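Structure file structure37.cif with mmCIF, C-alpha atoms:
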data_start
loop_
_atom_site.group_PDB
_atom_site.id
_atom_site.type_symbol
_atom_site.label_atom_id
_atom_site.label_comp_id
_atom_site.auth_asym_id
_atom_site.auth_seq_id
_atom_site.Cartn_x
_atom_site.Cartn_y
_atom_site.Cartn_z
ATOM 1 C CA GLY A 138 -57.515 -110.910 -43.106
ATOM 2 C CA ALA A 139 -59.933 -112.439 -45.584
ATOM 3 C CA PHE A 140 -63.211 -114.248 -45.037
ATOM 4 C CA VAL A 141 -63.811 -117.917 -45.789
ATOM 5 C CA PRO A 142 -67.192 -119.741 -45.616
ATOM 6 C CA LEU A 143 -67.030 -122.492 -42.982
ATOM 7 C CA TRP A 144 -69.402 -125.413 -42.616
ATOM 8 C CA THR A 145 -70.415 -127.433 -39.586
ATOM 9 C CA GLN A 146 -71.192 -131.132 -39.221
ATOM 10 C CA ASP A 147 -74.732 -131.461 -37.841
ATOM 11 C CA GLY A 148 -76.326 -134.516 -39.370
ATOM 12 C CA GLU A 149 -75.346 -133.171 -42.755
ATOM 13 C CA GLN A 150 -72.959 -130.431 -43.768
ATOM 14 C CA ARG A 151 -74.473 -126.980 -44.090
ATOM 15 C CA PRO A 152 -72.985 -123.459 -44.350
ATOM 16 C CA VAL A 153 -73.040 -121.545 -41.103
ATOM 17 C CA THR A 154 -71.002 -118.380 -41.313
ATOM 18 C CA TRP A 155 -67.998 -116.585 -42.753
ATOM 19 C CA HIS A 156 -64.860 -116.671 -40.612
ATOM 20 C CA GLU A 157 -61.804 -114.465 -40.988
ATOM 21 C CA ALA A 158 -58.502 -116.034 -41.936
ATOM 22 C CA LYS A 159 -55.866 -113.829 -40.288
ATOM 23 C CA LEU A 160 -52.361 -113.707 -41.764
ATOM 24 C CA VAL A 161 -49.061 -112.114 -40.805
ATOM 25 C CA ALA A 162 -46.172 -111.677 -43.245
ATOM 26 C CA TRP A 163 -42.593 -111.364 -41.987
ATOM 27 C CA TYR A 164 -40.024 -110.080 -44.463
ATOM 28 C CA ARG A 165 -36.926 -107.980 -44.916
ATOM 29 C CA VAL A 166 -36.772 -104.778 -46.963
ATOM 30 C CA ARG A 167 -34.034 -103.968 -49.424
ATOM 31 C CA PRO A 168 -33.704 -100.182 -48.980
ATOM 32 C CA GLY A 169 -33.214 -97.665 -51.737
ATOM 33 C CA LYS A 170 -35.180 -95.223 -53.854
ATOM 34 C CA ASP A 171 -37.668 -98.002 -54.554
ATOM 35 C CA PRO A 172 -37.477 -100.360 -51.527
ATOM 36 C CA LYS A 173 -38.313 -103.999 -52.140
ATOM 37 C CA ALA A 174 -39.520 -106.749 -49.819
ATOM 38 C CA TYR A 175 -37.806 -110.119 -49.897
ATOM 39 C CA GLY A 176 -37.704 -113.304 -47.862
ATOM 40 C CA VAL A 177 -41.460 -113.296 -47.211
ATOM 41 C CA HIS A 178 -42.701 -115.772 -44.581
ATOM 42 C CA LEU A 179 -46.467 -116.155 -44.140
ATOM 43 C CA TYR A 180 -48.303 -117.513 -41.081
ATOM 44 C CA GLY A 181 -52.034 -117.748 -40.532
ATOM 45 C CA THR A 182 -54.866 -118.826 -38.263
ATOM 46 C CA PHE A 183 -58.645 -118.573 -37.900
ATOM 47 C CA GLN A 184 -58.334 -117.993 -34.167
ATOM 48 C CA ALA A 185 -59.568 -114.778 -32.561
ATOM 49 C CA LYS A 186 -57.415 -111.909 -31.321
ATOM 50 C CA ALA A 187 -55.685 -113.779 -28.492
ATOM 51 C CA GLY A 188 -54.734 -116.755 -30.662
ATOM 52 C CA PHE A 189 -53.536 -114.538 -33.465
ATOM 53 C CA GLY A 190 -51.469 -112.572 -30.955
ATOM 54 C CA GLU A 191 -49.676 -115.745 -29.882
ATOM 55 C CA LEU A 192 -49.008 -116.561 -33.535
ATOM 56 C CA LEU A 193 -47.702 -113.043 -34.129
ATOM 57 C CA TRP A 194 -45.275 -113.341 -31.223
ATOM 58 C CA ALA A 195 -44.126 -116.896 -31.945
ATOM 59 C CA SER A 196 -43.686 -116.402 -35.690
ATOM 60 C CA GLY A 197 -41.811 -113.157 -35.131
ATOM 61 C CA TYR A 198 -39.284 -114.811 -32.873
ATOM 62 C CA ALA A 199 -39.042 -117.763 -35.230
ATOM 63 C CA GLN A 200 -37.997 -115.312 -37.944
ATOM 64 C CA GLY A 201 -35.495 -113.442 -35.790
ATOM 65 C CA ALA A 202 -37.483 -110.316 -34.922
ATOM 66 C CA ASP A 203 -35.848 -110.278 -31.488
ATOM 67 C CA GLN A 204 -32.420 -109.989 -33.174
ATOM 68 C CA ALA A 205 -33.349 -107.354 -35.757
ATOM 69 C CA LYS A 206 -31.972 -103.833 -35.459
ATOM 70 C CA GLU A 207 -35.318 -102.477 -36.603
ATOM 71 C CA VAL A 208 -38.805 -103.977 -36.604
ATOM 72 C CA VAL A 209 -41.522 -102.195 -38.571
ATOM 73 C CA PHE A 210 -45.218 -103.024 -38.812
ATOM 74 C CA VAL A 211 -47.351 -101.859 -41.733
ATOM 75 C CA CYS A 212 -50.994 -102.531 -40.903
ATOM 76 C CA ASP A 213 -54.495 -101.215 -41.460
ATOM 77 C CA GLY A 214 -56.383 -99.114 -38.935
ATOM 78 C CA ALA A 215 -57.975 -101.893 -36.865
ATOM 79 C CA ALA A 216 -57.459 -101.108 -33.174
ATOM 80 C CA TRP A 217 -57.090 -104.772 -32.177
ATOM 81 C CA ILE A 218 -54.141 -105.219 -34.544
ATOM 82 C CA TRP A 219 -52.276 -102.247 -33.090
ATOM 83 C CA ASP A 220 -53.055 -103.520 -29.583
ATOM 84 C CA LEU A 221 -51.236 -106.749 -30.408
ATOM 85 C CA VAL A 222 -48.298 -104.938 -31.985
ATOM 86 C CA GLN A 223 -47.942 -102.774 -28.889
ATOM 87 C CA THR A 224 -48.218 -105.786 -26.593
ATOM 88 C CA TYR A 225 -45.710 -108.066 -28.294
ATOM 89 C CA PHE A 226 -43.390 -105.614 -30.090
ATOM 90 C CA PRO A 227 -43.673 -102.307 -28.191
ATOM 91 C CA GLN A 228 -40.413 -100.906 -29.611
ATOM 92 C CA ALA A 229 -41.435 -101.454 -33.235
ATOM 93 C CA THR A 230 -42.117 -98.627 -35.660
ATOM 94 C CA GLN A 231 -45.806 -98.504 -36.562
ATOM 95 C CA ILE A 232 -46.986 -97.423 -40.016
ATOM 96 C CA LEU A 233 -50.576 -97.070 -41.154
ATOM 97 C CA ASP A 234 -50.923 -98.595 -44.592
ATOM 98 C CA TRP A 235 -50.935 -95.806 -47.177
ATOM 99 C CA ALA A 236 -53.940 -97.159 -49.070
ATOM 100 C CA HIS A 237 -56.075 -97.209 -45.928
ATOM 101 C CA ALA A 238 -55.118 -93.609 -45.145
ATOM 102 C CA VAL A 239 -55.885 -92.163 -48.569
ATOM 103 C CA ALA A 240 -59.160 -94.096 -48.697
ATOM 104 C CA TYR A 241 -60.526 -91.685 -46.091
ATOM 105 C CA VAL A 242 -59.493 -88.703 -48.210
ATOM 106 C CA ASP A 243 -61.081 -90.334 -51.239
ATOM 107 C CA ALA A 244 -64.338 -90.929 -49.340
ATOM 108 C CA VAL A 245 -64.661 -87.207 -48.640
ATOM 109 C CA ALA A 246 -63.916 -86.327 -52.262
ATOM 110 C CA GLN A 247 -66.370 -88.903 -53.592
ATOM 111 C CA ALA A 248 -69.174 -87.495 -51.453
ATOM 112 C CA TRP A 249 -68.231 -83.963 -52.486
ATOM 113 C CA ALA A 250 -68.112 -84.875 -56.185
ATOM 114 C CA THR A 251 -71.873 -85.428 -56.205
ATOM 115 C CA VAL A 252 -72.287 -81.626 -56.031
ATOM 116 C CA ASP A 253 -68.962 -80.207 -57.288
ATOM 117 C CA VAL A 254 -66.571 -82.496 -59.147
ATOM 118 C CA GLU A 255 -63.923 -79.856 -59.795
ATOM 119 C CA ALA A 256 -63.697 -78.721 -56.166
ATOM 120 C CA ALA A 257 -63.707 -82.309 -54.934
ATOM 121 C CA GLU A 258 -60.857 -83.385 -57.203
ATOM 122 C CA ALA A 259 -58.779 -80.331 -56.317
ATOM 123 C CA TRP A 260 -59.288 -81.019 -52.615
ATOM 124 C CA ARG A 261 -58.449 -84.700 -53.042
ATOM 125 C CA ALA A 262 -55.206 -83.931 -54.883
ATOM 126 C CA GLU A 263 -54.149 -81.360 -52.296
ATOM 127 C CA GLN A 264 -54.759 -83.676 -49.335
ATOM 128 C CA ARG A 265 -53.110 -86.682 -50.972
ATOM 129 C CA THR A 266 -50.005 -84.598 -51.636
ATOM 130 C CA ALA A 267 -50.022 -83.313 -48.056
ATOM 131 C CA LEU A 268 -50.276 -86.849 -46.683
ATOM 132 C CA TRP A 269 -47.475 -88.056 -48.953
ATOM 133 C CA GLU A 270 -45.252 -85.275 -47.636
ATOM 134 C CA GLY A 271 -46.131 -86.106 -44.034
ATOM 135 C CA HIS A 272 -48.229 -83.018 -43.312
ATOM 136 C CA VAL A 273 -50.810 -84.901 -41.277
ATOM 137 C CA VAL A 274 -51.826 -81.920 -39.130
ATOM 138 C CA ALA A 275 -52.655 -79.901 -42.244
ATOM 139 C CA VAL A 276 -54.824 -82.732 -43.561
ATOM 140 C CA ILE A 277 -56.643 -83.037 -40.239
ATOM 141 C CA ARG A 278 -57.369 -79.316 -40.285
ATOM 142 C CA ALA A 279 -58.626 -79.496 -43.859
ATOM 143 C CA CYS A 280 -60.979 -82.333 -42.891
ATOM 144 C CA GLU A 281 -62.179 -80.434 -39.830
ATOM 145 C CA GLN A 282 -62.901 -77.390 -41.978
ATOM 146 C CA CYS A 283 -64.990 -79.510 -44.316
ATOM 147 C CA ALA A 284 -66.781 -81.145 -41.387
ATOM 148 C CA GLY A 285 -67.769 -77.727 -40.035
ATOM 149 C CA HIS A 286 -68.661 -76.130 -43.369
ATOM 150 C CA SER A 287 -72.401 -75.492 -43.373
ATOM 151 C CA GLY A 288 -72.390 -75.007 -47.143
ATOM 152 C CA LEU A 289 -71.388 -78.615 -47.818
ATOM 153 C CA PRO A 290 -73.874 -81.520 -47.934
ATOM 154 C CA PRO A 291 -74.260 -83.639 -44.765
ATOM 155 C CA GLU A 292 -72.610 -86.624 -46.487
ATOM 156 C CA VAL A 293 -69.457 -84.617 -47.125
ATOM 157 C CA ARG A 294 -69.326 -83.247 -43.589
ATOM 158 C CA GLU A 295 -69.856 -86.698 -42.089
ATOM 159 C CA ALA A 296 -67.116 -88.258 -44.239
ATOM 160 C CA ALA A 297 -64.765 -85.404 -43.343
ATOM 161 C CA ALA A 298 -65.462 -85.812 -39.623
ATOM 162 C CA ARG A 299 -64.714 -89.541 -39.849
ATOM 163 C CA ALA A 300 -61.486 -88.829 -41.700
ATOM 164 C CA ALA A 301 -60.372 -86.212 -39.165
ATOM 165 C CA GLY A 302 -60.985 -88.611 -36.284
ATOM 166 C CA TYR A 303 -59.207 -91.456 -38.043
ATOM 167 C CA PHE A 304 -56.171 -89.310 -38.807
ATOM 168 C CA ARG A 305 -55.993 -87.986 -35.257
ATOM 169 C CA THR A 306 -55.937 -91.557 -33.957
ATOM 170 C CA HIS A 307 -53.192 -92.658 -36.355
ATOM 171 C CA ARG A 308 -51.248 -89.423 -36.626
ATOM 172 C CA HIS A 309 -48.013 -90.938 -35.277
ATOM 173 C CA ARG A 310 -48.283 -93.763 -37.827
ATOM 174 C CA MET A 311 -48.593 -91.438 -40.817
ATOM 175 C CA ARG A 312 -45.184 -89.751 -41.026
ATOM 176 C CA TYR A 313 -44.914 -90.971 -44.599
ATOM 177 C CA LYS A 314 -42.150 -88.677 -45.786
ATOM 178 C CA THR A 315 -39.955 -89.652 -42.826
ATOM 179 C CA PHE A 316 -40.742 -93.327 -43.299
ATOM 180 C CA ARG A 317 -39.838 -93.184 -46.982
ATOM 181 C CA GLU A 318 -36.597 -91.372 -46.205
ATOM 182 C CA GLN A 319 -35.729 -94.169 -43.784
ATOM 183 C CA GLY A 320 -36.264 -96.757 -46.511
ATOM 184 C CA TYR A 321 -39.443 -98.268 -45.069
ATOM 185 C CA LEU A 322 -42.328 -99.603 -47.112
ATOM 186 C CA ILE A 323 -45.531 -97.675 -46.400
ATOM 187 C CA GLY A 324 -47.957 -100.027 -48.125
ATOM 188 C CA SER A 325 -49.274 -103.445 -47.144
ATOM 189 C CA GLY A 326 -48.906 -104.990 -50.593
ATOM 190 C CA VAL A 327 -46.903 -107.920 -49.212
ATOM 191 C CA ILE A 328 -49.685 -109.172 -46.960
ATOM 192 C CA GLU A 329 -52.350 -108.394 -49.570
ATOM 193 C CA SER A 330 -50.434 -110.599 -51.999
ATOM 194 C CA GLY A 331 -50.185 -113.270 -49.316
ATOM 195 C CA ILE A 332 -53.943 -113.214 -48.784
ATOM 196 C CA LYS A 333 -54.483 -113.765 -52.503
ATOM 197 C CA GLN A 334 -52.063 -116.684 -52.619
ATOM 198 C CA VAL A 335 -53.264 -118.384 -49.447
ATOM 199 C CA VAL A 336 -56.979 -117.640 -49.270
ATOM 200 C CA ALA A 337 -58.115 -116.699 -52.770
ATOM 201 C CA GLY A 338 -55.702 -119.163 -54.365
ATOM 202 C CA ARG A 339 -56.756 -122.120 -52.242
ATOM 203 C CA MET A 340 -59.522 -121.620 -49.695
ATOM 204 C CA THR A 341 -62.175 -119.739 -51.647
ATOM 205 C CA VAL A 342 -61.819 -121.606 -54.923
ATOM 206 C CA SER A 343 -65.047 -122.763 -56.527
ATOM 207 C CA GLY A 344 -66.530 -125.828 -54.836
ATOM 208 C CA ALA A 345 -64.315 -125.714 -51.734
ATOM 209 C CA HIS A 346 -66.144 -126.588 -48.499
ATOM 210 C CA TRP A 347 -64.488 -126.324 -45.088
ATOM 211 C CA THR A 348 -65.140 -127.421 -41.556
ATOM 212 C CA GLU A 349 -63.568 -125.255 -38.844
ATOM 213 C CA ASP A 350 -60.817 -127.792 -38.117
ATOM 214 C CA GLY A 351 -60.178 -128.482 -41.778
ATOM 215 C CA ALA A 352 -59.926 -124.787 -42.594
ATOM 216 C CA GLU A 353 -57.428 -124.156 -39.796
ATOM 217 C CA LEU A 354 -55.238 -127.082 -40.841
ATOM 218 C CA THR A 355 -55.394 -126.136 -44.516
ATOM 219 C CA LEU A 356 -54.488 -122.528 -43.742
ATOM 220 C CA LYS A 357 -51.449 -123.630 -41.765
ATOM 221 C CA ALA A 358 -50.448 -126.168 -44.407
ATOM 222 C CA ARG A 359 -50.752 -123.622 -47.204
ATOM 223 C CA THR A 360 -48.645 -120.991 -45.431
ATOM 224 C CA ALA A 361 -46.055 -123.619 -44.435
ATOM 225 C CA PHE A 362 -45.843 -124.816 -48.044
ATOM 226 C CA LEU A 363 -45.278 -121.284 -49.338
ATOM 227 C CA ARG A 364 -42.649 -120.586 -46.678
ATOM 228 C CA ARG A 365 -40.719 -123.731 -47.518
ATOM 229 C CA LEU A 366 -41.083 -123.218 -51.255
ATOM 230 C CA ARG A 367 -39.601 -119.717 -51.212
ATOM 231 C CA ASN A 368 -37.438 -119.658 -48.115
ATOM 232 C CA PRO A 369 -35.608 -122.795 -47.049
ATOM 233 C CA LEU A 370 -33.960 -120.744 -44.276
ATOM 234 C CA PRO A 371 -35.522 -118.362 -41.707
ATOM 235 C CA LEU A 372 -34.915 -114.625 -41.853
ATOM 236 C CA ALA A 373 -32.452 -114.837 -38.953
ATOM 237 C CA ALA A 374 -30.163 -117.270 -40.762
#
Translate this file's structure into structure tokens.
Amino acid sequence: GAFVPLWTQDGEQRPVTWHEAKLVAWYRVRPGKDPKAYGVHLYGTFQAKAGFGELLWASGYAQGADQAKEVVFVCDGAAWIWDLVQTYFPQATQILDWAHAVAYVDAVAQAWATVDVEAAEAWRAEQRTALWEGHVVAVIRACEQCAGHSGLPPEVREAAARAAGYFRTHRHRMRYKTFREQGYLIGSGVIESGIKQVVAGRMTVSGAHWTEDGAELTLKARTAFLRRLRNPLPLAA
């Protein structure tokens, strides 16, 4: 998602709040040592969870997800997103975006670096390597050790406790070595690129003002334009 400032019509236009444009990207992956995404189809809406869930389901079937041998979701850690994935595509493989995972390791190291840069960087490198190799349990234990270490500053212990909890929640989505061996992408670069093209490239440009209805229609028009421009045929074709 990405936030867009929306305006309301109340005598005269005035800014009211920032609303989240929510996007989903459907694509195929060309497997190999360096897997590549192709055939990207973007869909978007400003609707809340329920409306986005309907879009997720409908767009997936429009792109042949019901006929695919494998369906894989790469998403961030938001619980509501995984709820929708589980509801509409319960058999799909779930992967926590690599960047979101390592950000929690980095947060611990950054807090630690305020008192011991060398120790913090060594710890960061060790945990990043462990995550990359799929050793999630080892990383959780390392975070728990930091969280319970009385010799570390409170900021470090708090960041480590958050990381341990986050990794416990998403443990089954962090088998990165296995996912790579199966030819899956483990990063959400496709949807991040889509956000830039749809939202940053059109809806948050300088001087752009949007009503709620206008923003929703523009979001749908922009994603439809990009789908048609790149992919005259659906993924299932």
### Query
How many Å lie between atom CA of A:Gln264 and atom CA of A:Val293, rounded to one decimal?
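It comes out at 14.9 Å.
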### Task
Please write the residues picked by the PyMOL selection byres ((chain A and resi 222) around 12) on this file as a ChimeraX atom specification.
/A:161,186,189-194,197,208-213,215-221,223-232
#### Entry: Answer key for the PyMOL selection byres ((chain A and resi 272) around 12), residues as a list in words
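Output of the PyMOL selection byres ((chain A and resi 272) around 12): Glu263, Gln264, Arg265, Thr266, Ala267, Leu268, Trp269, Glu270, Gly271, Val273, Val274, Ala275, Val276, Ile277, Arg278, Ala279, Phe304, Arg308, His309, Met311, Arg312, Tyr313, Lys314 and Thr315 of chain A.
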### Task
Find the residue from A:Ala297, A:Ala240, A:Val252, A:Ala158 that sits nearest to A:Ala352; use all atoms listed in the file when measuring.
A:Ala158
Could you give me the axis-aligned bounding box of stretch 215-224 of chain A, with 6 Å of padding per side, as centre plus edge lengths in Å to one decimal, as lines of an AutoDock Vina configuration file?
center_x = -53.0
center_y = -103.9
center_z = -31.7
size_x = 22.0
size_y = 17.6
size_z = 22.3
### Task
Can you work out the spacing between atom CA of A:Asp253 and atom CA of A:Arg294 in Å, to one decimal?
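Pair atom CA of A:Asp253 / atom CA of A:Arg294 returns 14.0 Å.
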### Message
Show me, as JSON, numbers by chain, the residues that have an atom within 8 Å of A:Lys357 when counting only C-alpha atoms, minus same-chain residues fewer than 2 positions from it.
### Response
{"A": [180, 181, 182, 353, 354, 355, 359, 360, 361]}
### Query
How many Å separate atom CA of A:Glu157 from atom CA of A:Phe140?
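One can read the atom CA of A:Glu157 to atom CA of A:Phe140 distance as 4.3 Å.
Distances from A:Ala257, A:Gln184, A:Leu366, A:Ala162 to A:Asp350 were compared using all atoms listed in the file, and the smallest one belongs to A:Gln184.
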### Query
How would you write as a list in words the residues that get within 12 Å of (-65.3, -90.2, -51.0) in the file's frame, counting all atoms listed in the file?
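Those residues, ordered by chain and then number, are Val239, Ala240, Tyr241, Val242, Asp243, Ala244, Val245, Ala246, Gln247, Ala248, Trp249, Ala250, Thr251, Val254, Ala257, Glu258, Trp260, Arg261, Glu292, Val293, Arg294, Glu295, Ala296, Ala297, Arg299 and Ala300 of chain A.
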### Among the residues A:His286, A:Gln200, A:Ala174, A:Pro142, the one that comes closest to A:Ser330 [using all atoms listed in the file]
A:Ala174
#### Entry: Residue nearest A:Thr348 - candidates A:Phe183, A:Pro168, A:Ala256, A:Gly285, atoms counted: only C-alpha atoms
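Ranked by minimum distance to A:Thr348, first place goes to A:Phe183.
Checking A:Gly201, A:Gly138, A:Gly320, A:Gly326 one by one against A:Lys170, counting all atoms listed in the file, you find the shortest gap at A:Gly320.
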### Message
Which residues, named as in the file, does the PyMOL selection byres ((chain A and resi 321) around 8) pick out? Answer as number ranges by chain.
### Response
A: 166, 168, 172, 209, 316-320, 322-323
Output for the residues just chosen: C-alpha atoms as a tab-separated table (two decimals), in the coordinates of the input:
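For reference, out.tsv as written:
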chain	number	residue	atom	x	y	z
A	166	VAL	CA	-36.77	-104.78	-46.96
A	168	PRO	CA	-33.70	-100.18	-48.98
A	172	PRO	CA	-37.48	-100.36	-51.53
A	209	VAL	CA	-41.52	-102.20	-38.57
A	316	PHE	CA	-40.74	-93.33	-43.30
A	317	ARG	CA	-39.84	-93.18	-46.98
A	318	GLU	CA	-36.60	-91.37	-46.20
A	319	GLN	CA	-35.73	-94.17	-43.78
A	320	GLY	CA	-36.26	-96.76	-46.51
A	322	LEU	CA	-42.33	-99.60	-47.11
A	323	ILE	CA	-45.53	-97.68	-46.40
### Message
So, with all atoms listed in the file as the atoms that count, which of A:Ala195, A:Val177, A:Ala205, A:Ala262 lies closest to A:Gly331?
### Response
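Checking each of A:Ala195, A:Val177, A:Ala205, A:Ala262 against A:Gly331, counting all atoms listed in the file, the winner is A:Val177.
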